[in-house]
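This is query26.pdb. It holds PDB, C-alpha atoms.
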```pdb
ATOM      1  CA  MET A 123      -4.656  -5.340  18.999
ATOM      2  CA  VAL A 124      -3.711  -5.505  22.635
ATOM      3  CA  ASN A 125      -0.567  -7.484  23.245
ATOM      4  CA  GLU A 126       0.474  -7.670  26.859
ATOM      5  CA  THR A 127       3.795  -9.278  25.906
ATOM      6  CA  GLN A 128       5.120  -6.891  23.279
ATOM      7  CA  THR A 129       8.863  -6.469  23.006
ATOM      8  CA  SER A 130      10.260  -2.957  22.963
ATOM      9  CA  GLU A 131      10.773  -3.334  19.201
ATOM     10  CA  GLU A 132       7.093  -4.220  18.683
ATOM     11  CA  LEU A 133       5.970  -1.407  20.956
ATOM     12  CA  LEU A 134       8.126   1.092  19.063
ATOM     13  CA  ALA A 135       6.824  -0.201  15.710
ATOM     14  CA  THR A 136       3.239   0.348  16.863
ATOM     15  CA  LEU A 137       3.948   3.822  18.183
ATOM     16  CA  ALA A 138       5.905   4.778  15.053
ATOM     17  CA  ALA A 139       3.093   3.485  12.841
ATOM     18  CA  ILE A 140       0.493   5.714  14.451
ATOM     19  CA  GLY A 141       2.913   8.576  15.041
ATOM     20  CA  HIS A 142       2.488  10.220  11.639
ATOM     21  CA  PRO A 143      -0.300  12.617  10.585
ATOM     22  CA  LEU A 144      -0.984  10.849   7.267
ATOM     23  CA  ARG A 145      -1.197   7.451   8.920
ATOM     24  CA  LEU A 146      -3.647   8.877  11.459
ATOM     25  CA  ARG A 147      -5.773  10.056   8.516
ATOM     26  CA  VAL A 148      -5.582   6.580   6.963
ATOM     27  CA  ILE A 149      -6.745   5.027  10.246
ATOM     28  CA  ALA A 150      -9.603   7.542  10.465
ATOM     29  CA  GLU A 151     -10.749   6.720   6.917
ATOM     30  CA  LEU A 152     -10.565   2.989   7.511
ATOM     31  CA  ALA A 153     -12.542   3.344  10.746
ATOM     32  CA  GLY A 154     -15.612   3.583   8.502
ATOM     33  CA  GLY A 155     -14.949   0.148   7.013
ATOM     34  CA  ARG A 156     -13.041  -1.632   4.266
ATOM     35  CA  VAL A 157     -11.930   0.575   1.358
ATOM     36  CA  HIS A 158     -10.402  -0.082  -2.073
ATOM     37  CA  VAL A 159      -6.900   1.420  -2.215
ATOM     38  CA  SER A 160      -7.676   3.726  -5.173
ATOM     39  CA  GLU A 161     -10.743   5.081  -3.392
ATOM     40  CA  LEU A 162      -8.728   5.561  -0.213
ATOM     41  CA  ALA A 163      -6.055   7.484  -2.152
ATOM     42  CA  ARG A 164      -8.753   9.739  -3.654
ATOM     43  CA  ARG A 165     -10.342  10.404  -0.269
ATOM     44  CA  LEU A 166      -6.992  11.291   1.257
ATOM     45  CA  GLY A 167      -5.732  13.264  -1.745
ATOM     46  CA  MET A 168      -2.465  11.348  -2.025
ATOM     47  CA  SER A 169      -0.773   9.197  -4.619
ATOM     48  CA  ARG A 170      -1.160   5.434  -4.436
ATOM     49  CA  PRO A 171       2.611   4.845  -4.051
ATOM     50  CA  LEU A 172       2.710   7.179  -1.037
ATOM     51  CA  LEU A 173      -0.433   5.586   0.377
ATOM     52  CA  TYR A 174       1.019   2.093  -0.073
ATOM     53  CA  MET A 175       4.126   3.166   1.854
ATOM     54  CA  HIS A 176       1.964   4.264   4.796
ATOM     55  CA  LEU A 177      -0.321   1.216   4.559
ATOM     56  CA  ASP A 178       2.730  -1.054   4.591
ATOM     57  CA  ARG A 179       3.926   0.544   7.834
ATOM     58  CA  LEU A 180       0.473   0.151   9.405
ATOM     59  CA  GLU A 181       0.192  -3.436   8.171
ATOM     60  CA  LYS A 182       3.610  -4.419   9.567
ATOM     61  CA  ALA A 183       2.509  -3.030  12.941
ATOM     62  CA  GLY A 184      -0.630  -5.187  12.764
ATOM     63  CA  LEU A 185      -3.034  -2.238  12.654
ATOM     64  CA  VAL A 186      -4.493  -2.802   9.165
ATOM     65  CA  THR A 187      -4.842  -5.759   6.861
ATOM     66  CA  GLY A 188      -5.005  -5.888   3.086
ATOM     67  CA  SER A 189      -6.674  -8.402   0.809
ATOM     68  CA  LEU A 190      -6.729  -8.921  -2.950
ATOM     69  CA  GLU A 191     -10.009  -9.676  -4.703
ATOM     70  CA  LEU A 192     -10.868 -10.187  -8.353
ATOM     71  CA  SER A 193     -13.459  -7.879  -9.871
ATOM     72  CA  ALA A 194     -16.115  -9.149 -12.301
ATOM     73  CA  ASP A 195     -13.888  -8.143 -15.239
ATOM     74  CA  GLY A 196     -10.874 -10.015 -13.804
ATOM     75  CA  LYS A 197      -8.933  -7.061 -12.373
ATOM     76  CA  ALA A 198      -7.113  -7.453  -9.059
ATOM     77  CA  MET A 199      -8.604  -5.110  -6.456
ATOM     78  CA  LYS A 200      -6.701  -4.368  -3.235
ATOM     79  CA  TYR A 201      -8.817  -3.559  -0.170
ATOM     80  CA  PHE A 202      -7.670  -2.488   3.281
ATOM     81  CA  GLU A 203      -9.405  -2.549   6.626
ATOM     82  CA  LEU A 204      -8.551  -1.853  10.247
ATOM     83  CA  VAL A 205      -7.668  -4.607  12.642
ATOM     84  CA  PRO A 206      -9.343  -3.833  15.986
ATOM     85  CA  PHE A 207      -6.681  -2.322  18.231
ATOM     86  CA  GLU A 208      -6.154  -0.303  21.355
ATOM     87  CA  VAL A 209      -2.949   1.506  22.207
ATOM     88  CA  ARG A 210      -2.271   2.309  25.833
ATOM     89  CA  VAL A 211       1.248   3.045  27.011
ATOM     90  CA  THR A 212       2.169   3.329  30.654
ATOM     91  CA  ALA A 213       5.442   3.050  32.530
ATOM     92  CA  GLU A 214       4.481  -0.570  33.227
ATOM     93  CA  THR A 215       4.055  -1.185  29.465
ATOM     94  CA  VAL A 216       7.629  -0.009  28.887
ATOM     95  CA  VAL A 217       9.004  -2.085  31.782
ATOM     96  CA  ARG A 218       7.220  -5.215  30.488
ATOM     97  CA  ALA A 219       8.485  -4.610  26.933
ATOM     98  CA  LEU A 220      12.083  -4.371  28.127
ATOM     99  CA  ALA A 221      11.635  -7.471  30.301
ATOM    100  CA  GLU A 222      10.259  -9.306  27.255
ATOM    101  CA  ASP A 223      13.403  -8.285  25.336
ATOM    102  CA  LYS A 224      15.624  -9.814  28.028
ATOM    103  CA  GLU A 225      13.500 -12.958  28.160
ATOM    104  CA  HIS A 226      13.948 -13.478  24.420
ATOM    105  CA  GLY A 227      17.659 -12.717  24.432
ATOM    106  CA  ASN A 228      17.081  -9.312  22.854
ATOM    107  CA  GLU A 229      18.958  -7.296  25.459
ATOM    108  CA  THR A 230      20.827  -5.479  22.686
ATOM    109  CA  GLN A 231      17.562  -3.777  21.706
ATOM    110  CA  ALA A 232      17.090  -2.614  25.296
ATOM    111  CA  LEU A 233      20.711  -1.430  25.506
ATOM    112  CA  ASP A 234      20.454   0.359  22.150
ATOM    113  CA  LEU A 235      17.451   2.229  23.512
ATOM    114  CA  GLU A 236      19.338   3.217  26.640
ATOM    115  CA  GLU A 237      22.314   4.447  24.587
ATOM    116  CA  SER A 238      20.122   6.505  22.267
ATOM    117  CA  ASP A 239      18.806   8.434  25.265
ATOM    118  CA  LYS A 240      22.308   9.713  26.141
TER     119      LYS A 240
END
```
In structure tokens, write the structure found in this file.
Amino acid sequence: MVNETQTSEELLATLAAIGHPLRLRVIAELAGGRVHVSELARRLGMSRPLLYMHLDRLEKAGLVTGSLELSADGKAMKYFELVPFEVRVTAETVVRALAEDKEHGNETQALDLEESDK
């Protein structure tokens, strides 16, 4: 995922999604390919509810995708896989994100960010 026209909100969502040690471990596990959620939970040594919370955050940021499939015995099986992405943040990335906010009438987001730095 490389989006040259991300808003500051989208940029922050991406950075927040990868900015957690457990989510980094999820990304590392999924780098090997698609995995059933129960198997992923076992590999990571975490509960499925906690894993789903982290997968939801990654999915909302567009970094992973989930799909439901039916097994031979009719059970719903949830699989997750990585969406190809690259994250590169420069000063220009930040400037473009804030400009995108203004272009879409989202200046409040930019101002909120400025205020939170004070």
Mind checking which residues fall within 9 Å of Thr187 in chain A, counting only C-alpha atoms, ignoring those fewer than 5 positions away in the same chain, and posting them as a CSV table (one decimal) with C-alpha atoms, in the frame of the given file?
```csv
chain,number,residue,atom,x,y,z
A,177,LEU,CA,-0.3,1.2,4.6
A,180,LEU,CA,0.5,0.2,9.4
A,181,GLU,CA,0.2,-3.4,8.2
A,182,LYS,CA,3.6,-4.4,9.6
A,201,TYR,CA,-8.8,-3.6,-0.2
A,202,PHE,CA,-7.7,-2.5,3.3
A,203,GLU,CA,-9.4,-2.5,6.6
A,204,LEU,CA,-8.6,-1.9,10.2
A,205,VAL,CA,-7.7,-4.6,12.6
```
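Using only C-alpha atoms, the residues found no farther than 12 Å from His158 in chain A, other than those of its own chain fewer than 3 positions away, are Glu151, Leu152, Gly155, Glu161, Leu162, Ala163, Arg164, Arg165, Arg170, Leu173, Tyr174, Thr187, Gly188, Ser189, Leu190, Glu191, Leu192, Ser193, Ala198, Met199, Lys200, Tyr201, Phe202 and Glu203 of chain A.
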Once the PyMOL selection byres ((chain A and resi 220) around 8) has been evaluated on this model, what residues remain selected, and can you format them as a ChimeraX atom specification? /A:129-130,216-219,221-224,229,232
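CA of Ala135 in chain A lies 23.1 Å from CA of Met168 in chain A.
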Straight-line distance linking CA of Gln128 in chain A with CA of Leu172 in chain A, stated in Å to one decimal: 28.2 Å
What's around Ala183 in chain A at 9 Å? Count all atoms listed in the file, leave out sequence neighbours fewer than 3 positions away in its own chain, and write the answer as JSON, numbers by chain. {"A": [132, 133, 135, 136, 137, 138, 139, 178, 179, 180, 186]}
